[in-house]
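So this block is model.txt, compact mmCIF, C-alpha atoms:
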```
# COMPACT_ATOMS: atom_id res chain seq x y z
CA MET T 156 -47.82 283.35 -53.74
CA THR T 157 -50.65 285.88 -53.95
CA ALA T 158 -50.61 289.44 -52.68
CA ARG T 159 -52.75 288.56 -49.67
CA HIS T 160 -50.14 286.00 -48.60
CA ARG T 161 -47.23 288.37 -49.10
CA LEU T 162 -48.55 291.24 -47.00
CA PRO T 163 -47.91 289.77 -43.51
CA LEU T 164 -44.27 289.10 -44.47
CA VAL T 165 -43.52 292.62 -45.71
CA PRO T 166 -42.49 294.18 -42.32
CA ILE T 167 -40.15 291.26 -41.58
CA LEU T 168 -38.59 291.36 -45.05
CA ILE T 169 -38.11 295.13 -44.83
CA LEU T 170 -36.22 294.70 -41.56
CA PHE T 171 -33.85 292.08 -42.98
CA ALA T 172 -33.45 294.00 -46.23
CA SER T 173 -32.52 297.18 -44.35
CA VAL T 174 -29.80 295.41 -42.39
CA GLY T 175 -28.47 293.77 -45.56
CA ILE T 176 -28.43 296.99 -47.57
CA LEU T 177 -26.68 298.88 -44.75
CA TYR T 178 -24.05 296.16 -44.45
CA LEU T 179 -23.54 296.04 -48.24
CA TYR T 180 -23.19 299.82 -48.37
CA THR T 181 -20.52 299.71 -45.67
CA GLU T 182 -18.59 297.00 -47.46
CA LEU T 183 -18.70 298.82 -50.81
CA LYS T 184 -17.64 302.04 -49.13
CA ASN T 185 -14.58 300.25 -47.77
CA TYR T 186 -13.53 299.18 -51.30
CA ARG T 187 -14.47 295.54 -50.97
CA SER T 188 -16.89 295.60 -53.90
CA LYS T 189 -15.20 292.82 -55.93
CA LYS T 190 -15.91 290.38 -53.13
CA TYR T 191 -19.69 290.87 -53.60
CA ILE T 192 -20.02 291.09 -57.37
CA VAL T 193 -21.19 287.46 -57.72
CA SER T 194 -23.72 287.90 -54.91
CA ILE T 195 -25.08 291.10 -56.47
CA VAL T 196 -25.49 289.39 -59.85
CA ILE T 197 -27.33 286.43 -58.27
CA LEU T 198 -29.58 288.83 -56.35
CA ALA T 199 -30.42 290.77 -59.51
CA VAL T 200 -31.24 287.64 -61.50
CA THR T 201 -33.40 286.31 -58.64
CA LEU T 202 -35.37 289.54 -58.40
CA ILE T 203 -36.02 289.52 -62.15
CA LEU T 204 -37.17 285.89 -62.17
CA PHE T 205 -39.43 286.09 -59.12
CA ASN T 206 -41.13 289.27 -60.24
CA GLN T 207 -41.65 288.13 -63.83
CA ARG T 208 -45.25 287.61 -64.94
CA TYR T 209 -45.76 284.10 -66.27
CA TYR T 210 -49.08 284.85 -67.92
CA ASN T 211 -50.34 287.19 -70.58
CA GLU T 212 -52.59 289.84 -69.06
CA LYS T 213 -54.61 289.95 -72.29
CA GLU T 214 -55.55 286.31 -71.71
CA ILE T 215 -57.18 287.13 -68.38
CA GLY T 216 -59.01 290.23 -69.41
CA GLY T 217 -56.10 292.60 -68.91
CA ASP T 218 -56.29 292.80 -65.11
CA SER T 219 -54.97 289.98 -62.92
CA GLY T 220 -55.58 292.13 -59.84
CA LYS T 221 -59.33 292.04 -60.40
CA PHE T 222 -59.28 288.26 -60.64
CA GLN T 223 -57.54 287.95 -57.26
CA ILE T 224 -59.82 290.54 -55.65
CA TYR T 225 -63.01 288.79 -56.82
CA PHE T 226 -61.63 285.37 -55.88
CA ASN T 227 -60.70 286.51 -52.36
CA GLU T 228 -64.08 288.20 -51.95
CA GLY T 229 -65.79 284.94 -52.86
CA ILE T 230 -63.77 283.03 -50.26
CA GLN T 231 -64.54 285.57 -47.55
CA PHE T 232 -68.26 285.77 -48.34
CA GLU T 233 -68.45 281.97 -48.30
CA LYS T 234 -66.78 281.84 -44.86
CA LEU T 235 -69.33 284.37 -43.59
CA GLY T 236 -72.19 282.28 -44.94
CA GLU T 237 -73.21 284.90 -47.51
CA LEU T 238 -73.41 282.35 -50.27
CA GLN T 239 -75.18 284.42 -52.94
CA LYS T 240 -72.58 287.17 -52.63
CA ALA T 241 -69.85 284.53 -52.78
CA LEU T 242 -71.43 283.09 -55.91
CA GLU T 243 -71.45 286.49 -57.64
CA ALA T 244 -67.83 287.15 -56.68
CA TYR T 245 -66.69 283.77 -58.01
CA LYS T 246 -68.58 284.37 -61.25
CA LYS T 247 -66.89 287.75 -61.69
CA ALA T 248 -63.48 286.17 -61.13
CA ASP T 249 -64.37 283.47 -63.65
CA GLN T 250 -65.26 286.14 -66.22
CA VAL T 251 -61.87 287.79 -65.74
CA PHE T 252 -59.89 284.54 -65.90
CA PRO T 253 -61.95 281.50 -67.00
CA ASN T 254 -59.10 278.97 -66.82
CA SER T 255 -58.38 278.59 -63.10
CA ALA T 256 -59.01 275.04 -61.87
CA THR T 257 -59.04 276.18 -58.22
CA LEU T 258 -61.53 279.00 -58.80
CA VAL T 259 -63.87 276.87 -60.92
CA ASN T 260 -63.75 274.09 -58.30
CA ASN T 261 -64.74 276.63 -55.61
CA LEU T 262 -67.53 277.92 -57.85
CA ALA T 263 -68.80 274.41 -58.59
CA PHE T 264 -68.69 273.36 -54.93
CA LEU T 265 -70.66 276.45 -53.93
CA GLN T 266 -73.22 275.73 -56.64
CA TYR T 267 -73.43 272.17 -55.28
CA LYS T 268 -74.15 273.53 -51.79
CA LEU T 269 -76.86 275.78 -53.27
CA ALA T 270 -78.41 272.73 -55.04
CA LEU T 271 -77.57 274.17 -58.48
CA TYR T 272 -76.57 270.70 -59.56
CA GLN T 273 -76.45 271.13 -63.34
CA ASP T 274 -74.25 274.23 -63.07
CA ALA T 275 -72.07 272.49 -60.50
CA GLU T 276 -71.55 269.43 -62.71
CA ARG T 277 -70.62 271.56 -65.69
CA ASN T 278 -68.05 273.49 -63.66
CA PHE T 279 -66.56 270.43 -61.96
CA LYS T 280 -65.92 269.06 -65.45
CA ARG T 281 -64.33 272.38 -66.43
CA SER T 282 -62.08 272.35 -63.38
CA ILE T 283 -60.89 268.81 -64.13
CA SER T 284 -60.28 269.74 -67.78
CA PHE T 285 -57.95 272.53 -66.60
CA ASP T 286 -56.06 270.21 -64.22
CA LYS T 287 -56.57 266.48 -64.64
CA ASP T 288 -54.67 265.79 -61.40
CA PHE T 289 -56.72 268.14 -59.21
CA ALA T 290 -57.84 265.73 -56.47
CA ALA T 291 -60.21 268.19 -54.77
CA SER T 292 -62.34 268.51 -57.90
CA TYR T 293 -62.74 264.75 -58.23
CA ASN T 294 -63.64 264.53 -54.53
CA ASN T 295 -66.21 267.32 -54.68
CA PHE T 296 -67.65 266.02 -57.95
CA GLY T 297 -68.08 262.69 -56.17
CA LEU T 298 -70.11 264.39 -53.44
CA LEU T 299 -72.39 265.83 -56.13
CA LYS T 300 -72.88 262.44 -57.77
CA GLN T 301 -73.57 260.84 -54.39
CA THR T 302 -76.17 263.50 -53.55
CA THR T 303 -77.94 263.08 -56.88
CA GLY T 304 -78.05 259.29 -56.50
CA ASN T 305 -75.40 258.29 -59.04
CA LEU T 306 -73.50 256.12 -56.58
CA ASP T 307 -71.38 254.21 -59.10
CA SER T 308 -70.01 257.44 -60.58
CA ALA T 309 -69.43 258.76 -57.06
CA LEU T 310 -67.42 255.64 -56.22
CA GLN T 311 -65.18 256.12 -59.27
CA LEU T 312 -64.62 259.80 -58.48
CA PHE T 313 -63.85 259.17 -54.80
CA ASN T 314 -61.36 256.43 -55.71
CA LYS T 315 -59.70 258.76 -58.24
CA ALA T 316 -59.46 261.49 -55.60
CA LEU T 317 -57.97 259.03 -53.10
CA THR T 318 -55.32 257.90 -55.60
CA LEU T 319 -54.37 261.50 -56.41
CA PHE T 320 -54.24 262.48 -52.73
CA LYS T 321 -51.94 259.51 -52.05
CA ASN T 322 -49.69 260.40 -55.01
CA SER T 323 -49.52 264.08 -54.09
CA SER T 324 -46.06 265.42 -53.30
CA ASP T 325 -47.11 266.58 -49.82
CA GLU T 326 -49.30 263.45 -49.25
CA ASN T 327 -51.61 265.32 -46.84
CA SER T 328 -52.93 262.62 -44.51
CA SER T 329 -55.97 264.76 -43.62
CA ASN T 330 -57.03 264.71 -47.28
CA ILE T 331 -56.46 260.96 -47.44
CA SER T 332 -58.54 260.56 -44.28
CA MET T 333 -61.31 262.64 -45.87
CA ALA T 334 -61.29 260.51 -49.02
CA TYR T 335 -61.61 257.30 -47.00
CA ALA T 336 -64.43 258.86 -44.93
CA ASN T 337 -66.29 259.81 -48.12
CA LEU T 338 -65.94 256.26 -49.38
CA ALA T 339 -67.21 255.00 -46.03
CA ASP T 340 -70.31 257.21 -46.26
CA LEU T 341 -70.91 256.00 -49.79
CA PHE T 342 -70.69 252.33 -48.81
CA ASP T 343 -72.97 253.06 -45.87
CA GLN T 344 -75.49 254.56 -48.29
CA LYS T 345 -75.17 251.44 -50.44
CA GLN T 346 -75.92 249.43 -47.26
CA ASP T 347 -72.52 247.78 -47.37
CA SER T 348 -71.63 248.07 -43.68
CA ILE T 349 -68.57 245.82 -43.94
CA SER T 350 -66.89 248.00 -46.57
CA ALA T 351 -67.97 251.16 -44.74
CA ASP T 352 -66.36 249.90 -41.55
CA LYS T 353 -63.09 249.16 -43.38
CA MET T 354 -63.04 252.64 -44.93
CA TYR T 355 -63.69 254.32 -41.58
CA GLU T 356 -60.89 252.31 -39.98
CA LYS T 357 -58.52 253.54 -42.69
CA SER T 358 -59.78 257.11 -42.35
CA LEU T 359 -59.29 257.14 -38.58
CA GLY T 360 -55.89 255.43 -38.93
CA GLN T 361 -54.23 258.35 -40.71
CA ASN T 362 -51.61 260.46 -38.91
CA VAL T 363 -53.87 263.51 -39.25
CA VAL T 364 -57.56 262.61 -39.19
CA TYR T 365 -60.05 264.65 -41.24
CA PHE T 366 -62.00 266.72 -38.70
CA GLN T 367 -65.41 265.39 -39.82
CA ALA T 368 -64.33 261.74 -39.95
CA LEU T 369 -64.67 261.23 -36.18
CA PRO T 370 -68.31 262.34 -35.75
CA ARG T 371 -69.37 260.71 -39.00
CA ALA T 372 -67.79 257.42 -37.96
CA ALA T 373 -69.34 257.78 -34.49
CA SER T 374 -72.80 258.21 -36.04
CA PHE T 375 -72.21 255.17 -38.25
CA TYR T 376 -71.21 252.93 -35.33
CA ALA T 377 -74.14 254.23 -33.26
CA ARG T 378 -76.54 253.10 -36.01
CA LEU T 379 -74.89 249.67 -35.84
CA LYS T 380 -75.48 249.73 -32.05
CA MET T 381 -71.73 249.59 -31.42
CA PHE T 382 -72.26 252.09 -28.63
CA THR T 383 -68.95 251.77 -26.79
CA LYS T 384 -67.04 252.60 -29.96
CA SER T 385 -69.43 255.35 -31.00
CA ASP T 386 -69.38 257.02 -27.57
CA SER T 387 -65.58 257.02 -27.60
CA LEU T 388 -65.47 258.68 -31.01
CA PHE T 389 -68.22 261.17 -30.10
CA ASN T 390 -66.31 262.19 -26.97
CA ILE T 391 -63.10 262.78 -28.93
CA ALA T 392 -65.03 264.85 -31.47
CA LEU T 393 -66.66 266.78 -28.62
CA LYS T 394 -63.25 267.71 -27.21
CA GLU T 395 -62.11 268.79 -30.67
CA ASN T 396 -65.31 270.84 -31.15
CA THR T 397 -66.19 269.18 -34.46
CA LEU T 398 -69.73 268.04 -33.66
CA LYS T 399 -72.42 269.44 -35.94
CA PRO T 400 -76.10 269.53 -34.87
CA SER T 401 -76.78 266.34 -36.85
CA HIS T 402 -74.00 264.55 -34.95
CA LEU T 403 -75.35 265.72 -31.58
CA PHE T 404 -78.79 264.49 -32.66
CA ASN T 405 -77.40 261.07 -33.58
CA TRP T 406 -75.56 260.87 -30.27
CA GLY T 407 -78.69 261.84 -28.36
CA LEU T 408 -80.72 259.31 -30.33
CA SER T 409 -78.21 256.57 -29.52
CA TYR T 410 -78.65 257.30 -25.79
CA MET T 411 -82.44 257.17 -26.18
CA ARG T 412 -82.16 253.76 -27.82
CA ARG T 413 -80.27 252.55 -24.74
CA ASN T 414 -82.88 254.13 -22.46
CA GLN T 415 -80.23 256.53 -21.11
CA ILE T 416 -82.69 259.38 -21.45
CA GLU T 417 -80.93 261.97 -19.27
CA ASN T 418 -77.72 261.70 -21.32
CA GLY T 419 -79.78 261.84 -24.48
CA LEU T 420 -81.55 265.03 -23.39
CA VAL T 421 -78.21 266.73 -22.77
CA ARG T 422 -77.03 266.10 -26.33
CA LEU T 423 -80.38 266.90 -27.92
CA LYS T 424 -80.56 270.25 -26.12
CA GLU T 425 -77.05 271.01 -27.36
CA CYS T 426 -78.30 270.15 -30.84
CA VAL T 427 -81.14 272.71 -30.78
CA GLN T 428 -78.83 275.32 -29.27
CA LYS T 429 -76.70 275.02 -32.40
CA ASP T 430 -79.64 274.67 -34.80
CA SER T 431 -82.92 276.13 -33.57
CA LEU T 432 -84.78 274.66 -36.58
CA PHE T 433 -83.90 271.02 -35.88
CA TYR T 434 -87.49 269.93 -35.25
CA GLN T 435 -86.68 266.22 -34.90
CA ALA T 436 -84.50 267.07 -31.89
CA TYR T 437 -87.32 269.07 -30.28
CA HIS T 438 -89.58 266.07 -30.78
CA LEU T 439 -87.10 263.68 -29.16
CA ILE T 440 -86.66 266.03 -26.20
CA GLY T 441 -90.44 266.06 -25.75
CA TYR T 442 -90.49 262.28 -26.06
CA GLY T 443 -87.71 261.92 -23.49
CA LEU T 444 -89.49 264.19 -21.03
CA TYR T 445 -92.71 262.24 -21.56
CA LYS T 446 -90.92 258.96 -20.82
CA THR T 447 -89.45 260.39 -17.60
CA HIS T 448 -92.88 261.62 -16.47
CA ALA T 449 -92.02 265.31 -16.71
CA PRO T 450 -94.83 267.87 -16.32
CA LYS T 451 -97.25 267.98 -19.24
CA ASP T 452 -96.43 271.63 -19.98
CA SER T 453 -92.73 270.81 -20.41
CA VAL T 454 -93.49 267.98 -22.82
CA LEU T 455 -95.94 270.08 -24.86
CA TYR T 456 -93.47 272.97 -24.99
CA TYR T 457 -90.98 270.92 -27.03
CA LEU T 458 -93.60 269.15 -29.12
CA ASN T 459 -95.10 272.52 -30.06
CA LYS T 460 -91.62 273.74 -30.96
CA ALA T 461 -91.29 270.84 -33.38
CA LEU T 462 -94.74 271.45 -34.86
CA LEU T 463 -94.12 275.17 -35.23
CA ILE T 464 -91.27 274.29 -37.60
CA ASN T 465 -93.00 271.32 -39.25
CA PRO T 466 -96.76 271.37 -38.63
CA ASN T 467 -97.20 268.01 -40.39
CA PHE T 468 -94.63 266.05 -38.39
CA LYS T 469 -96.65 262.92 -37.63
CA GLN T 470 -94.62 261.71 -34.64
CA SER T 471 -95.10 264.99 -32.78
CA LEU T 472 -98.79 265.21 -33.69
CA SER T 473 -99.38 261.67 -32.43
CA LEU T 474 -97.46 262.17 -29.18
CA LYS T 475 -99.16 265.52 -28.54
CA ASN T 476 -102.59 263.91 -28.85
CA GLU T 477 -101.49 261.18 -26.42
CA VAL T 478 -100.24 263.75 -23.93
CA LEU T 479 -103.42 265.82 -24.12
CA LYS T 480 -105.59 262.77 -23.45
CA LYS T 481 -103.94 262.26 -20.05
```
Would it be possible to restate this file's structure as structure tokens?
Amino acid sequence: MTARHRLPLVPILILFASVGILYLYTELKNYRSKKYIVSIVILAVTLILFNQRYYNEKEIGGDSGKFQIYFNEGIQFEKLGELQKALEAYKKADQVFPNSATLVNNLAFLQYKLALYQDAERNFKRSISFDKDFAASYNNFGLLKQTTGNLDSALQLFNKALTLFKNSSDENSSNISMAYANLADLFDQKQDSISADKMYEKSLGQNVVYFQALPRAASFYARLKMFTKSDSLFNIALKENTLKPSHLFNWGLSYMRRNQIENGLVRLKECVQKDSLFYQAYHLIGYGLYKTHAPKDSVLYYLNKALLINPNFKQSLSLKNEVLKK
């Protein structure tokens, strides 16, 4: 347990310790010390063992505190979206203690998100070399391989992660659900819809479902025009507040394909509220308004929004010319 995890427990432990010490003092004062000798010895041994350092400070640069500080800073910066600051903090922690599988996995995953793929691959390999049973590193390394187009390697890494998650002592069903969802996405990318469907069924069948499995599965079934199933999954994800802008876009698009334009516009407007740079959503809103015979100014407003972000977006340019001709 790290210092940041201990701090919230300190007031509670002090309270219990105070009561225990007061009681022990009273008992000893009343000449009943022999009765508690064994307990005192056990307490002393426990304190020694739990406060013993199980690493050599020289091996981690002489200051374990700095490692934890830099590591925690990296986590916090990453949560705040300050990725460059997070990257620097992780690198500093790595310089202090270059043998932490968890830290190096975090560093590699951040480098993956920043498209520093060569650095990320090198550090994922480092993380796995430190802990060959670290499922998260195999999973994240698989995401990197999938992104860079090495789908066969990604499949091997995802399967390895799934096996390790299943064999884990806590057997976290959310992690197992995530691993199945990643396999489903991979099979979908390989255009193997049958295998993707099976993986999504297994992902959604876990006791605790990975929070991104629902909207990803919903988007998959929407592309297959299995709209009843996709709408059901989208609605569950909506209630759980796990829909990203891309998921809202896919949901809106699925309504457009069914000519349910009003429902589609609702989801697409939610999409651009969450991501004001999602130009494809602005285009679809303009398209939907055009199809429902909305005023020309309203249609052009959204098409111009799309073109302001991507001036070369052909669909918006074509539709704008069509609108202006009328």
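Rounded to one decimal, CA of Gln428 (chain T) and CA of Gly236 (chain T) lie 18.4 Å from each other.
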message: Would you pick out the contacts of region 311-323 of chain T at 7 Å or less, using all atoms listed in the file, so that residues sharing its chain but fewer than 3 positions from it are not included, and give the list as a PyMOL selection string?
response: chain T and resi 288+290-291+293-294+296-297+307-308+326+330-331+334+338
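Minimum atom-to-atom distances from T:Asn396, T:Asn459, T:Asn414, T:Gln266 to Ala241 (chain T) were compared using only C-alpha atoms, and the lowest value belongs to T:Gln266.
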message: Counting all atoms listed in the file, which residue out of T:Lys287, T:Lys481, T:Lys357, T:Lys475 sits closest to Lys460 (chain T)?
response: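 Selected residue with least distance to Lys460 (chain T): T:Lys475.
If you look at CA of Met333 (chain T) and CA of Val427 (chain T), they are 26.9 Å away from each other.
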- request: Enter the distance from CA of Cys426 (chain T) to CA of Pro400 (chain T), in Å, rounded to one decimal.
  value: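 Calculated distance between CA of Cys426 (chain T) and CA of Pro400 (chain T) is 4.6 Å.
Distances from T:Ala275, T:Leu306, T:Ala339, T:Leu262 to Phe375 (chain T) were compared using all atoms listed in the file, and the smallest one belongs to T:Ala339.
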So which residues touch Ala270 (chain T) within 10 Å, counting all atoms listed in the file, skipping near sequence neighbours fewer than 6 positions away, as a short mmCIF file (atom, residue, chain, number, x, y, z; two decimals) with C-alpha atoms, in the coordinates of the input?
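Below is the file around.cif, written as the result:
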```cif
data_model
loop_
_atom_site.label_atom_id
_atom_site.label_comp_id
_atom_site.auth_asym_id
_atom_site.auth_seq_id
_atom_site.Cartn_x
_atom_site.Cartn_y
_atom_site.Cartn_z
CA PHE T 264 -68.69 273.36 -54.93
CA LEU T 299 -72.39 265.83 -56.13
CA THR T 302 -76.17 263.50 -53.55
CA THR T 303 -77.94 263.08 -56.88
#
```
